[in-house]
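Below is final_20.cif, holding mmCIF, C-alpha atoms.
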data_model
#
loop_
_atom_site.label_atom_id
_atom_site.label_comp_id
_atom_site.auth_asym_id
_atom_site.auth_seq_id
_atom_site.Cartn_x
_atom_site.Cartn_y
_atom_site.Cartn_z
CA MET S 510 -25.25 -52.07 15.76
CA LYS S 511 -27.22 -49.00 14.78
CA GLU S 512 -29.18 -49.18 17.98
CA ILE S 513 -25.95 -49.46 20.00
CA LEU S 514 -24.53 -46.30 18.47
CA LYS S 515 -27.86 -44.58 18.93
CA ARG S 516 -27.85 -45.53 22.62
CA LEU S 517 -24.36 -44.15 23.10
CA LYS S 518 -25.07 -40.87 21.32
CA SER S 519 -28.37 -40.50 23.12
CA GLY S 520 -26.78 -40.92 26.52
CA ILE S 521 -23.91 -38.55 25.92
CA ILE S 522 -25.62 -35.79 23.94
CA ASP S 523 -29.28 -35.99 22.87
CA ASP S 524 -30.67 -37.25 26.14
CA ASN S 525 -27.85 -36.42 28.53
CA PRO S 526 -29.11 -37.44 31.98
CA VAL S 527 -27.91 -34.23 33.64
CA PHE S 528 -28.25 -31.54 30.99
CA VAL S 529 -31.37 -32.79 29.18
CA GLN S 530 -33.23 -35.25 31.41
CA VAL S 531 -32.21 -33.33 34.55
CA LEU S 532 -31.89 -36.56 36.54
CA GLY S 533 -29.54 -37.41 39.38
CA MET S 534 -29.46 -33.84 40.64
CA CYS S 535 -28.45 -34.80 44.17
CA PRO S 536 -25.09 -36.34 43.32
CA THR S 537 -24.57 -33.79 40.55
CA LEU S 538 -24.83 -30.85 42.92
CA ALA S 539 -23.25 -32.43 45.97
CA VAL S 540 -20.28 -34.24 44.54
CA THR S 541 -18.95 -31.87 41.87
CA THR S 542 -16.82 -29.86 44.29
CA SER S 543 -13.77 -30.88 42.30
CA ALA S 544 -13.00 -32.38 38.91
CA GLU S 545 -11.64 -35.55 40.46
CA ASN S 546 -14.76 -36.07 42.58
CA GLY S 547 -17.02 -35.50 39.58
CA LEU S 548 -15.06 -37.98 37.47
CA GLY S 549 -14.90 -40.55 40.25
CA MET S 550 -18.61 -40.40 41.00
CA GLY S 551 -19.41 -40.57 37.27
CA LEU S 552 -17.29 -43.66 36.70
CA ALA S 553 -18.57 -45.41 39.82
CA SER S 554 -22.17 -44.69 38.82
CA THR S 555 -21.52 -45.87 35.26
CA SER S 556 -20.29 -49.27 36.43
CA VAL S 557 -23.40 -49.79 38.57
CA LEU S 558 -25.68 -48.46 35.82
CA VAL S 559 -24.27 -50.81 33.19
CA MET S 560 -24.56 -53.87 35.44
CA SER S 561 -28.04 -53.08 36.71
CA ASN S 562 -29.33 -52.34 33.20
CA LEU S 563 -27.96 -55.67 32.00
CA VAL S 564 -29.45 -57.72 34.85
CA ILE S 565 -32.81 -55.98 34.76
CA SER S 566 -33.01 -56.45 31.01
CA LEU S 567 -32.21 -60.16 31.40
CA LEU S 568 -34.98 -60.46 34.00
CA ARG S 569 -37.49 -58.28 32.21
CA ASN S 570 -39.82 -61.11 31.30
CA ILE S 571 -39.72 -62.65 34.75
CA ILE S 572 -40.34 -59.67 37.00
CA PRO S 573 -44.06 -58.75 37.02
CA ALA S 574 -44.83 -55.11 36.28
CA LYS S 575 -46.63 -54.64 39.57
CA VAL S 576 -43.54 -55.37 41.67
CA ARG S 577 -40.93 -53.97 39.34
CA ILE S 578 -39.94 -50.93 41.40
CA PRO S 579 -39.07 -52.85 44.59
CA ALA S 580 -37.34 -55.50 42.47
CA PHE S 581 -35.23 -52.87 40.67
CA ILE S 582 -34.32 -51.17 43.93
CA VAL S 583 -33.21 -54.46 45.50
CA ILE S 584 -31.10 -55.30 42.46
CA ILE S 585 -29.49 -51.84 42.28
CA ALA S 586 -28.83 -51.59 46.01
CA SER S 587 -27.32 -55.08 46.07
CA PHE S 588 -24.96 -54.24 43.21
CA VAL S 589 -23.83 -51.07 44.93
CA THR S 590 -23.20 -52.86 48.21
CA ILE S 591 -21.29 -55.66 46.52
CA VAL S 592 -19.14 -53.16 44.61
CA ASP S 593 -18.54 -51.25 47.85
CA LEU S 594 -17.40 -54.35 49.75
CA LEU S 595 -15.24 -55.69 46.92
CA LEU S 596 -13.47 -52.36 46.43
CA GLN S 597 -12.92 -51.97 50.14
CA ALA S 598 -11.41 -55.42 50.41
CA PHE S 599 -9.38 -55.78 47.22
CA LYS S 600 -8.76 -52.34 45.74
CA PRO S 601 -7.95 -50.06 48.69
CA GLU S 602 -6.34 -47.29 46.61
CA LEU S 603 -9.43 -47.00 44.41
CA TYR S 604 -11.61 -47.20 47.49
CA GLN S 605 -9.69 -44.30 49.02
CA SER S 606 -10.67 -42.03 46.15
CA LEU S 607 -14.17 -43.31 45.32
CA GLY S 608 -15.30 -44.83 48.59
CA LEU S 609 -17.27 -41.81 49.70
CA PHE S 610 -19.50 -41.82 46.63
CA ILE S 611 -20.48 -45.43 46.44
CA PRO S 612 -23.32 -45.37 48.98
CA LEU S 613 -24.62 -42.27 47.19
CA ILE S 614 -25.08 -44.21 43.97
CA VAL S 615 -28.09 -46.07 45.32
CA VAL S 616 -30.12 -42.89 45.41
CA ASN S 617 -29.05 -41.83 41.93
CA CYS S 618 -32.25 -41.42 39.92
CA VAL S 619 -30.46 -42.04 36.65
CA ILE S 620 -30.10 -45.72 37.50
CA LEU S 621 -33.70 -46.33 38.48
CA GLY S 622 -34.78 -44.05 35.63
CA ARG S 623 -32.97 -46.05 32.96
CA ALA S 624 -34.13 -49.34 34.45
CA GLU S 625 -37.71 -48.20 34.16
CA ALA S 626 -37.49 -46.32 30.87
CA TYR S 627 -35.29 -48.67 28.89
CA ALA S 628 -33.79 -51.79 30.43
CA SER S 629 -37.12 -53.25 31.48
CA LYS S 630 -38.39 -53.02 27.93
CA ASN S 631 -35.40 -53.78 25.74
CA LYS S 632 -32.88 -56.48 24.91
CA PRO S 633 -29.80 -57.02 27.10
CA VAL S 634 -27.14 -55.90 24.60
CA ASN S 635 -28.98 -52.66 23.83
CA SER S 636 -29.67 -52.12 27.51
CA PHE S 637 -25.99 -52.60 28.29
CA PHE S 638 -25.06 -49.87 25.83
CA ASP S 639 -27.87 -47.64 27.01
CA GLY S 640 -26.38 -47.91 30.48
CA LEU S 641 -22.93 -47.21 29.08
CA GLY S 642 -24.10 -44.20 27.06
CA MET S 643 -26.08 -42.68 29.91
CA GLY S 644 -23.23 -43.39 32.30
CA LEU S 645 -20.68 -41.72 30.04
CA GLY S 646 -23.02 -38.74 29.57
CA PHE S 647 -23.41 -38.52 33.33
CA THR S 648 -19.65 -38.76 33.84
CA PHE S 649 -19.03 -36.11 31.19
CA ALA S 650 -21.54 -33.76 32.84
CA LEU S 651 -20.18 -34.30 36.33
CA THR S 652 -16.56 -33.89 35.30
CA LEU S 653 -17.35 -30.70 33.38
CA ILE S 654 -19.25 -29.19 36.30
CA GLY S 655 -16.58 -30.35 38.72
CA MET S 656 -13.82 -28.79 36.63
CA THR S 657 -15.66 -25.49 36.44
CA ARG S 658 -16.46 -25.34 40.14
CA GLU S 659 -12.93 -26.33 41.10
CA LEU S 660 -11.35 -23.83 38.70
CA LEU S 661 -13.45 -20.88 39.88
CA GLY S 662 -13.68 -21.92 43.50
CA ALA S 663 -10.10 -23.06 44.14
CA GLY S 664 -8.07 -22.05 41.10
CA THR S 665 -7.15 -25.64 40.27
CA ILE S 666 -8.28 -28.44 37.98
CA PHE S 667 -7.53 -32.01 39.10
CA ALA S 668 -5.50 -30.38 41.86
CA THR S 669 -3.07 -28.66 39.50
CA ARG S 670 -2.96 -24.91 39.80
CA ILE S 671 -4.37 -23.28 36.66
CA MET S 672 -5.37 -19.81 37.72
CA PRO S 673 -2.54 -17.33 38.24
CA GLU S 674 -1.37 -16.62 41.76
CA SER S 675 -3.22 -13.31 41.76
CA TYR S 676 -6.59 -15.04 41.38
CA VAL S 677 -8.53 -15.05 44.64
CA PRO S 678 -10.75 -18.12 44.56
CA ALA S 679 -14.47 -17.50 44.88
CA SER S 680 -15.40 -20.06 47.50
CA ILE S 681 -19.08 -19.78 46.66
CA PHE S 682 -18.45 -22.10 43.73
CA ILE S 683 -17.40 -24.88 46.05
CA LEU S 684 -20.52 -24.43 48.15
CA ALA S 685 -24.13 -25.26 47.36
CA PRO S 686 -25.19 -22.01 45.63
CA GLY S 687 -22.23 -22.33 43.27
CA ALA S 688 -23.39 -25.81 42.32
CA PHE S 689 -26.76 -24.52 41.16
CA ILE S 690 -25.24 -21.54 39.37
CA VAL S 691 -22.67 -23.59 37.45
CA LEU S 692 -25.18 -26.33 36.62
CA GLY S 693 -27.67 -23.79 35.28
CA MET S 694 -25.10 -22.01 33.15
CA ILE S 695 -23.60 -25.14 31.62
CA LEU S 696 -27.07 -26.57 31.03
CA ALA S 697 -28.01 -23.43 29.09
CA VAL S 698 -24.83 -23.47 27.00
CA PHE S 699 -25.07 -27.22 26.35
CA ASN S 700 -28.64 -27.04 25.12
CA THR S 701 -27.99 -23.95 23.00
CA ILE S 702 -25.13 -25.70 21.21
CA LYS S 703 -27.12 -28.91 20.88
CA ASN S 704 -30.13 -27.16 19.38
CA LYS S 705 -27.93 -25.18 16.99
CA MET S 706 -26.28 -28.42 15.83
CA LYS S 707 -29.70 -29.94 15.28
CA GLU S 708 -30.85 -26.96 13.20
CA GLU S 709 -27.80 -27.12 10.99
CA ALA S 710 -28.13 -30.90 10.51
CA MET J 1487 -43.10 -57.06 31.09
CA ASN J 1488 -45.88 -59.50 31.79
CA ASN J 1489 -48.69 -58.03 33.86
CA GLY J 1490 -49.27 -60.85 36.31
CA ASP J 1491 -52.20 -59.84 38.46
CA ASN J 1492 -51.86 -62.83 40.73
CA ILE J 1493 -50.74 -61.34 44.02
CA ILE J 1494 -49.26 -64.59 45.30
CA LYS J 1495 -47.23 -65.08 42.14
CA ASN J 1496 -45.96 -61.48 42.25
CA ALA J 1497 -45.00 -61.82 45.87
CA MET J 1498 -43.18 -65.10 45.26
CA ILE J 1499 -41.18 -63.65 42.41
CA LEU J 1500 -40.22 -60.60 44.45
CA PHE J 1501 -39.31 -62.91 47.30
CA THR J 1502 -37.06 -64.93 44.99
CA VAL J 1503 -35.30 -61.80 43.80
CA THR J 1504 -34.65 -60.67 47.36
CA ILE J 1505 -33.50 -64.12 48.46
CA ILE J 1506 -30.98 -64.31 45.64
CA ALA J 1507 -29.79 -60.78 46.41
CA ALA J 1508 -29.45 -61.66 50.09
CA VAL J 1509 -27.43 -64.79 49.32
CA LEU J 1510 -25.08 -62.89 47.01
CA LEU J 1511 -24.65 -60.12 49.57
CA GLY J 1512 -24.02 -62.58 52.37
CA PHE J 1513 -21.46 -64.40 50.26
CA THR J 1514 -19.69 -61.17 49.30
CA TYR J 1515 -19.65 -60.09 52.94
CA GLU J 1516 -18.06 -63.37 54.01
CA ILE J 1517 -15.28 -63.22 51.45
CA THR J 1518 -14.49 -59.57 52.09
CA ILE J 1519 -14.63 -59.29 55.86
CA GLU J 1520 -11.08 -60.45 56.50
CA PRO J 1521 -9.42 -58.52 53.64
CA ILE J 1522 -11.22 -55.38 54.80
CA ARG J 1523 -9.93 -55.82 58.33
CA VAL J 1524 -6.41 -56.32 56.97
CA GLN J 1525 -6.67 -53.19 54.81
CA ASN J 1526 -7.76 -51.08 57.76
CA GLU J 1527 -4.83 -52.35 59.82
CA LEU J 1528 -2.38 -51.64 57.01
CA GLN J 1529 -3.72 -48.15 56.61
CA LYS J 1530 -3.32 -47.43 60.30
CA THR J 1531 0.20 -48.87 60.43
CA ALA J 1532 1.18 -46.85 57.37
CA ALA J 1533 -0.09 -43.72 59.08
CA PHE J 1534 1.85 -44.56 62.26
CA LYS J 1535 5.03 -45.09 60.26
CA GLY J 1536 4.48 -41.76 58.56
CA ILE J 1537 4.90 -40.10 61.93
CA PHE J 1538 7.47 -42.32 63.64
CA GLU J 1539 9.47 -43.73 60.74
CA THR J 1540 11.40 -46.26 62.72
CA GLY J 1541 10.33 -48.23 65.71
CA THR J 1542 7.81 -50.86 66.57
CA PHE J 1543 4.33 -50.21 67.82
CA GLU J 1544 2.93 -51.93 70.88
CA GLU J 1545 -0.69 -51.45 71.76
CA LEU J 1546 -1.44 -50.21 75.26
CA GLU J 1547 -4.49 -51.23 77.18
CA ILE J 1548 -6.80 -48.31 77.70
CA ASN J 1549 -9.93 -48.08 79.82
CA LEU J 1550 -11.95 -45.31 78.32
CA SER J 1551 -15.69 -44.85 77.90
CA GLU J 1552 -17.49 -45.40 74.62
CA ASP J 1553 -17.72 -41.63 74.15
CA SER J 1554 -14.00 -41.16 74.10
CA LYS J 1555 -12.56 -40.17 70.78
CA ILE J 1556 -9.46 -42.23 71.44
CA GLN J 1557 -9.73 -45.58 69.66
CA SER J 1558 -6.32 -46.98 70.52
CA VAL J 1559 -2.96 -45.97 71.92
CA PHE J 1560 0.39 -47.48 70.94
CA LYS J 1561 3.84 -47.21 72.48
CA VAL J 1562 6.58 -46.52 69.98
CA ILE J 1563 9.67 -48.55 70.87
CA GLN J 1564 13.08 -48.26 69.34
CA ASP J 1565 16.29 -49.76 70.70
CA GLU J 1566 14.31 -50.87 73.74
CA GLU J 1567 13.41 -47.30 74.62
CA ILE J 1568 10.08 -45.59 74.39
CA GLN J 1569 10.28 -42.94 71.67
CA GLY J 1570 6.73 -41.76 72.03
CA TYR J 1571 3.10 -42.67 71.59
CA VAL J 1572 0.65 -42.79 68.73
CA PHE J 1573 -3.07 -42.33 69.18
CA GLN J 1574 -5.75 -43.36 66.76
CA ILE J 1575 -8.62 -40.94 67.15
CA ASP J 1576 -12.13 -40.83 65.68
CA THR J 1577 -14.13 -37.62 65.94
CA LYS J 1578 -17.65 -37.10 64.67
CA GLU J 1579 -17.33 -33.33 64.82
CA GLY J 1580 -16.14 -32.88 61.27
CA TYR J 1581 -18.24 -30.78 58.93
CA GLY J 1582 -18.85 -33.88 56.84
CA GLY J 1583 -19.05 -36.31 59.75
CA LEU J 1584 -16.35 -38.71 60.83
CA ILE J 1585 -12.70 -37.71 60.80
CA SER J 1586 -10.16 -40.40 61.64
CA LEU J 1587 -6.74 -39.24 62.65
CA VAL J 1588 -3.45 -40.40 64.01
CA VAL J 1589 -1.52 -38.27 66.50
CA GLY J 1590 2.09 -38.86 67.46
CA LEU J 1591 3.51 -37.52 70.72
CA LYS J 1592 7.11 -37.71 71.84
CA VAL J 1593 8.06 -38.94 75.26
CA ASP J 1594 8.32 -35.37 76.53
CA GLY J 1595 4.75 -34.64 75.48
CA SER J 1596 5.59 -32.51 72.46
CA MET J 1597 3.80 -33.31 69.24
CA LYS J 1598 5.66 -35.32 66.62
CA GLY J 1599 3.00 -34.92 63.97
CA ILE J 1600 -0.45 -35.89 62.83
CA ASP J 1601 -2.06 -37.59 59.88
CA VAL J 1602 -5.67 -37.67 58.70
CA ILE J 1603 -6.62 -41.13 57.55
CA LYS J 1604 -10.29 -40.65 56.82
CA HIS J 1605 -12.58 -37.67 56.39
CA GLY J 1606 -15.64 -36.45 54.57
CA GLU J 1607 -14.79 -32.78 54.40
CA THR J 1608 -15.41 -30.49 51.44
CA PRO J 1609 -12.66 -30.46 48.82
CA GLY J 1610 -10.92 -27.10 48.63
CA LEU J 1611 -12.08 -26.19 52.12
CA GLY J 1612 -12.25 -28.67 55.00
CA ALA J 1613 -10.31 -31.26 52.99
CA LYS J 1614 -7.26 -29.07 53.50
CA ILE J 1615 -6.89 -30.67 56.93
CA ASP J 1616 -5.09 -33.44 55.08
CA GLU J 1617 -2.61 -31.07 53.44
CA THR J 1618 0.97 -30.59 54.61
CA GLU J 1619 0.44 -26.89 55.27
CA PHE J 1620 -2.16 -27.56 57.94
CA LYS J 1621 -0.62 -30.74 59.34
CA ASN J 1622 2.83 -29.18 59.70
CA GLN J 1623 1.37 -26.66 62.14
CA PHE J 1624 1.24 -29.44 64.69
CA MET J 1625 4.85 -30.46 64.56
CA LYS J 1626 7.05 -29.79 67.58
CA ARG J 1627 4.26 -28.13 69.59
CA MET J 1628 4.22 -28.39 73.34
CA SER J 1629 0.77 -27.91 74.74
CA THR J 1630 -1.82 -29.50 76.96
CA GLU J 1631 -4.70 -27.92 75.13
CA LEU J 1632 -4.74 -26.39 71.68
CA ILE J 1633 -7.19 -23.71 70.60
CA VAL J 1634 -8.15 -22.71 67.10
CA VAL J 1635 -7.73 -19.08 66.15
CA LYS J 1636 -8.68 -17.36 62.93
CA SER J 1637 -5.65 -15.10 62.89
CA THR J 1638 -2.00 -16.09 62.81
CA SER J 1639 -0.90 -18.21 65.71
CA SER J 1640 0.97 -16.34 68.42
CA SER J 1641 1.72 -19.15 70.83
CA ASP J 1642 2.29 -22.86 71.03
CA ASP J 1643 -1.33 -23.34 72.08
CA GLU J 1644 -2.82 -21.53 69.09
CA ILE J 1645 -3.56 -23.27 65.81
CA GLU J 1646 -4.49 -21.20 62.79
CA ALA J 1647 -7.79 -22.35 61.28
CA ILE J 1648 -8.10 -23.14 57.60
CA SER J 1649 -9.76 -20.15 55.98
CA GLY J 1650 -13.42 -21.00 55.43
CA ALA J 1651 -13.10 -24.31 57.28
CA THR J 1652 -13.19 -23.47 60.96
CA ILE J 1653 -15.42 -26.40 61.84
CA SER J 1654 -13.08 -28.91 60.18
CA SER J 1655 -10.07 -27.31 61.87
CA ARG J 1656 -11.78 -27.39 65.27
CA ALA J 1657 -12.77 -31.03 64.84
CA VAL J 1658 -9.16 -32.05 64.22
CA VAL J 1659 -7.87 -29.97 67.13
CA GLY J 1660 -10.60 -31.36 69.40
CA GLY J 1661 -9.43 -34.88 68.60
CA ILE J 1662 -5.80 -33.96 69.21
CA ASN J 1663 -6.64 -32.37 72.55
CA GLU J 1664 -8.02 -35.67 73.80
CA SER J 1665 -4.68 -37.30 73.11
CA LEU J 1666 -2.85 -34.45 74.85
CA SER J 1667 -4.97 -34.72 77.97
CA TYR J 1668 -4.68 -38.52 77.98
CA PHE J 1669 -0.90 -38.14 77.84
CA ASP J 1670 -1.00 -35.57 80.60
CA VAL J 1671 -3.00 -37.86 82.88
CA TYR J 1672 -1.68 -41.34 82.14
CA LEU J 1673 1.56 -41.32 80.21
CA LYS J 1674 3.68 -38.41 81.34
CA GLU J 1675 5.55 -40.17 84.12
CA ALA J 1676 5.68 -43.64 82.59
CA LYS J 1677 9.03 -44.66 81.16
#

Rendering of file as structure tokens:
Amino acid sequence: MKEILKRLKSGIIDDNPVFVQVLGMCPTLAVTTSAENGLGMGLASTSVLVMSNLVISLLRNIIPAKVRIPAFIVIIASFVTIVDLLLQAFKPELYQSLGLFIPLIVVNCVILGRAEAYASKNKPVNSFFDGLGMGLGFTFALTLIGMTRELLGAGTIFATRIMPESYVPASIFILAPGAFIVLGMILAVFNTIKNKMKEEA
Amino acid sequence: MNNGDNIIKNAMILFTVTIIAAVLLGFTYEITIEPIRVQNELQKTAAFKGIFETGTFEELEINLSEDSKIQSVFKVIQDEEIQGYVFQIDTKEGYGGLISLVVGLKVDGSMKGIDVIKHGETPGLGAKIDETEFKNQFMKRMSTELIVVKSTSSSDDEIEAISGATISSRAVVGGINESLSYFDVYLKEAK
């Protein structure tokens, strides 16, 4: 139980994949053009991460170390493709909103990273919660960045107008440079707060 | 992880993993192929109905090359009369790749409306092609070729681009123009 809570806290705060491990930068920068996109990508990635961590942990004593990377990649890519096909066939509304991101999940380093760093060396239940914690941390990071970029770059959050009518949106935040700028700033603030909390503890 | 150094054993295990993955994928593909086809049809029909609320849609046979953006053309029939035509158009000229749209033309060649059914454009910029403000520009227009302008439109042929998303706007208009020229060549006189 203690390990489970530790996994969750580690994924969301101490070892946040985006703000601390700096993993999965490609989807983080590309997909956070709006809060909804960030949230959608985060949730889709979390579901794949949890499943792949579980399966890889179950197979950890069967897959030889020398072929682990290709084995992990096959498992992850298969999961993503299966999720993609099932959503497309049976959950069209969800597919409409998330469909674009699903192929991008395969190249998300967080998933391969966690498989290698944790799931391949730990028990299934703990690996499941590691996946969940990291996934939630990833989703939190992406949604936060997405909200910021959408607010500054379009004046809205989740498509509801927040900024007053007089605010002229700074489109740069929706484009690539804005992604880097917002990521850098939030990363700095996040780590400052985290380190302060650690000092006080 | 055990560190099996036996290359044959490693290869066999990897092979087993990939075989199982392949079987699962094949199985998933088989059970989803028909539902996916049905979903795509439903989406298209819903888009058609969004433009011509009443009426039935009959597919017309078209003989166009592979390069044509026009995927299919339907007659819209109501009370045994042709009300207009809907075109399903795919253009690869979007900023984010493929844009799938539906264009409705009335029998006199004027535009009834459009709908964007699939796109990969940037939210807040190109994605605005799917918003009412942009789509409404196309209603009731009479033109054989639309052009995109960055200022306010001063004629039926001019469409105002989305600010900061000229490429997306042009892609949509390019697709629509193919339907307009098809109408001009093949459908104008038909009754």

For chain J, list the residues within 9 Å of chain S, counting only C-alpha atoms, and write the list as a short mmCIF file (atom, residue, chain, number, x, y, z; two decimals) with C-alpha atoms, in the coordinates of the input.
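Saved to selection22.cif:
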data_model
loop_
_atom_site.label_atom_id
_atom_site.label_comp_id
_atom_site.auth_asym_id
_atom_site.auth_seq_id
_atom_site.Cartn_x
_atom_site.Cartn_y
_atom_site.Cartn_z
CA MET J 1487 -43.10 -57.06 31.09
CA ASN J 1488 -45.88 -59.50 31.79
CA ASN J 1489 -48.69 -58.03 33.86
CA GLY J 1490 -49.27 -60.85 36.31
CA ASP J 1491 -52.20 -59.84 38.46
CA LYS J 1495 -47.23 -65.08 42.14
CA ASN J 1496 -45.96 -61.48 42.25
CA ALA J 1497 -45.00 -61.82 45.87
CA ILE J 1499 -41.18 -63.65 42.41
CA LEU J 1500 -40.22 -60.60 44.45
CA VAL J 1503 -35.30 -61.80 43.80
CA THR J 1504 -34.65 -60.67 47.36
CA ALA J 1507 -29.79 -60.78 46.41
CA ALA J 1508 -29.45 -61.66 50.09
CA LEU J 1510 -25.08 -62.89 47.01
CA LEU J 1511 -24.65 -60.12 49.57
CA THR J 1514 -19.69 -61.17 49.30
CA TYR J 1515 -19.65 -60.09 52.94
CA ILE J 1517 -15.28 -63.22 51.45
CA THR J 1518 -14.49 -59.57 52.09
CA ILE J 1519 -14.63 -59.29 55.86
CA GLU J 1520 -11.08 -60.45 56.50
CA PRO J 1521 -9.42 -58.52 53.64
CA ILE J 1522 -11.22 -55.38 54.80
CA ARG J 1523 -9.93 -55.82 58.33
CA VAL J 1524 -6.41 -56.32 56.97
CA GLN J 1525 -6.67 -53.19 54.81
CA LYS J 1604 -10.29 -40.65 56.82
CA GLY J 1606 -15.64 -36.45 54.57
CA THR J 1608 -15.41 -30.49 51.44
CA PRO J 1609 -12.66 -30.46 48.82
CA GLY J 1610 -10.92 -27.10 48.63
CA LEU J 1611 -12.08 -26.19 52.12
CA GLY J 1650 -13.42 -21.00 55.43
#

I'd like to see the residues matched by the PyMOL selection byres ((chain J and resi 1541-1553) around 10) on this file, and ideally I'd get them as a PDB file with C-alpha atoms, keeping the file's coordinate frame.
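The new file selection_0.pdb reads:
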ATOM      1  CA  THR J1531       0.200 -48.870  60.430  1.00  0.00           C
ATOM      2  CA  PHE J1534       1.850 -44.560  62.260  1.00  0.00           C
ATOM      3  CA  LYS J1535       5.030 -45.090  60.260  1.00  0.00           C
ATOM      4  CA  PHE J1538       7.470 -42.320  63.640  1.00  0.00           C
ATOM      5  CA  GLU J1539       9.470 -43.730  60.740  1.00  0.00           C
ATOM      6  CA  THR J1540      11.400 -46.260  62.720  1.00  0.00           C
ATOM      7  CA  SER J1554     -14.000 -41.160  74.100  1.00  0.00           C
ATOM      8  CA  LYS J1555     -12.560 -40.170  70.780  1.00  0.00           C
ATOM      9  CA  ILE J1556      -9.460 -42.230  71.440  1.00  0.00           C
ATOM     10  CA  GLN J1557      -9.730 -45.580  69.660  1.00  0.00           C
ATOM     11  CA  SER J1558      -6.320 -46.980  70.520  1.00  0.00           C
ATOM     12  CA  VAL J1559      -2.960 -45.970  71.920  1.00  0.00           C
ATOM     13  CA  PHE J1560       0.390 -47.480  70.940  1.00  0.00           C
ATOM     14  CA  LYS J1561       3.840 -47.210  72.480  1.00  0.00           C
ATOM     15  CA  VAL J1562       6.580 -46.520  69.980  1.00  0.00           C
ATOM     16  CA  ILE J1563       9.670 -48.550  70.870  1.00  0.00           C
ATOM     17  CA  GLN J1564      13.080 -48.260  69.340  1.00  0.00           C
ATOM     18  CA  ASP J1565      16.290 -49.760  70.700  1.00  0.00           C
ATOM     19  CA  GLU J1566      14.310 -50.870  73.740  1.00  0.00           C
ATOM     20  CA  GLU J1567      13.410 -47.300  74.620  1.00  0.00           C
ATOM     21  CA  ILE J1568      10.080 -45.590  74.390  1.00  0.00           C
ATOM     22  CA  GLN J1569      10.280 -42.940  71.670  1.00  0.00           C
ATOM     23  CA  GLY J1570       6.730 -41.760  72.030  1.00  0.00           C
ATOM     24  CA  TYR J1571       3.100 -42.670  71.590  1.00  0.00           C
ATOM     25  CA  VAL J1572       0.650 -42.790  68.730  1.00  0.00           C
ATOM     26  CA  PHE J1573      -3.070 -42.330  69.180  1.00  0.00           C
ATOM     27  CA  THR J1577     -14.130 -37.620  65.940  1.00  0.00           C
ATOM     28  CA  TYR J1668      -4.680 -38.520  77.980  1.00  0.00           C
ATOM     29  CA  TYR J1672      -1.680 -41.340  82.140  1.00  0.00           C
TER      30      TYR J1672
END

Output as lines of an AutoDock Vina configuration file the centre and edge lengths (Å, one decimal) of the box along x, y and z of the file that holds every listed atom of range 1593-1602 of chain J after adding 5 Å on each side.
center_x = 1.3
center_y = -35.7
center_z = 67.6
size_x = 24.0
size_y = 16.4
size_z = 27.8

Asn635 in chain S surroundings by only C-alpha atoms, 12 Å radius, close-in-sequence under 3 positions cut, as a ChimeraX atom specification: /S:510-517,559,562-563,566-567,623,627-632,638-642

Pairwise distance for CA of Glu625 in chain S and CA of Ile1494 in chain J, rounded to one decimal in Å: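 Separation of CA of Glu625 in chain S and CA of Ile1494 in chain J: 22.9 Å.
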
Atomic distance CA of Phe699 in chain S - CA of Val527 in chain S, expressed in Å with one decimal: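 Taking CA of Phe699 in chain S as the start and CA of Val527 in chain S as the end point, the length is 10.5 Å.
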
Would you list the contacts of Asp1616 in chain J as a compact mmCIF listing (two decimals) with C-alpha atoms, keeping the file's coordinate frame, taking every protein, DNA or RNA residue within 12 Å and counting all atoms listed in the file, but skipping same-chain residues closer than 2 positions in sequence?
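Result went into around.txt, see below:
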# COMPACT_ATOMS: atom_id res chain seq x y z
CA ILE J 1585 -12.70 -37.71 60.80
CA SER J 1586 -10.16 -40.40 61.64
CA LEU J 1587 -6.74 -39.24 62.65
CA VAL J 1588 -3.45 -40.40 64.01
CA ILE J 1600 -0.45 -35.89 62.83
CA ASP J 1601 -2.06 -37.59 59.88
CA VAL J 1602 -5.67 -37.67 58.70
CA ILE J 1603 -6.62 -41.13 57.55
CA LYS J 1604 -10.29 -40.65 56.82
CA HIS J 1605 -12.58 -37.67 56.39
CA GLY J 1606 -15.64 -36.45 54.57
CA GLU J 1607 -14.79 -32.78 54.40
CA THR J 1608 -15.41 -30.49 51.44
CA PRO J 1609 -12.66 -30.46 48.82
CA GLY J 1610 -10.92 -27.10 48.63
CA LEU J 1611 -12.08 -26.19 52.12
CA GLY J 1612 -12.25 -28.67 55.00
CA ALA J 1613 -10.31 -31.26 52.99
CA LYS J 1614 -7.26 -29.07 53.50
CA THR J 1618 0.97 -30.59 54.61
CA GLU J 1619 0.44 -26.89 55.27
CA PHE J 1620 -2.16 -27.56 57.94
CA LYS J 1621 -0.62 -30.74 59.34
CA ASN J 1622 2.83 -29.18 59.70
CA GLN J 1623 1.37 -26.66 62.14
CA ILE J 1648 -8.10 -23.14 57.60
CA SER J 1654 -13.08 -28.91 60.18
CA SER J 1655 -10.07 -27.31 61.87
CA VAL J 1658 -9.16 -32.05 64.22

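Applied to the file shown here, the PyMOL selection byres ((chain S and resi 551) around 9) selects Asn546, Gly547, Leu548, Gly549, Met550, Leu552, Ala553, Ser554, Thr555, Ser556, Gly644, Leu645, Gly646, Phe647, Thr648, Phe649, Ala650, Leu651 and Thr652 of chain S.
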
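We find CA of Leu558 in chain S and CA of Pro633 in chain S to be spaced 12.9 Å apart.
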
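Counting only C-alpha atoms, the residue from J:Asp1670, J:Leu1632, J:Gly1590, J:Gly1580 that sits nearest to Ile1653 in chain J is J:Gly1580.
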
Top pick for closest residue to Ile1575 in chain J, considering J:Ala1657, J:Ile1662, J:Val1671, J:Leu1591 and counting all atoms listed in the file: J:Ile1662
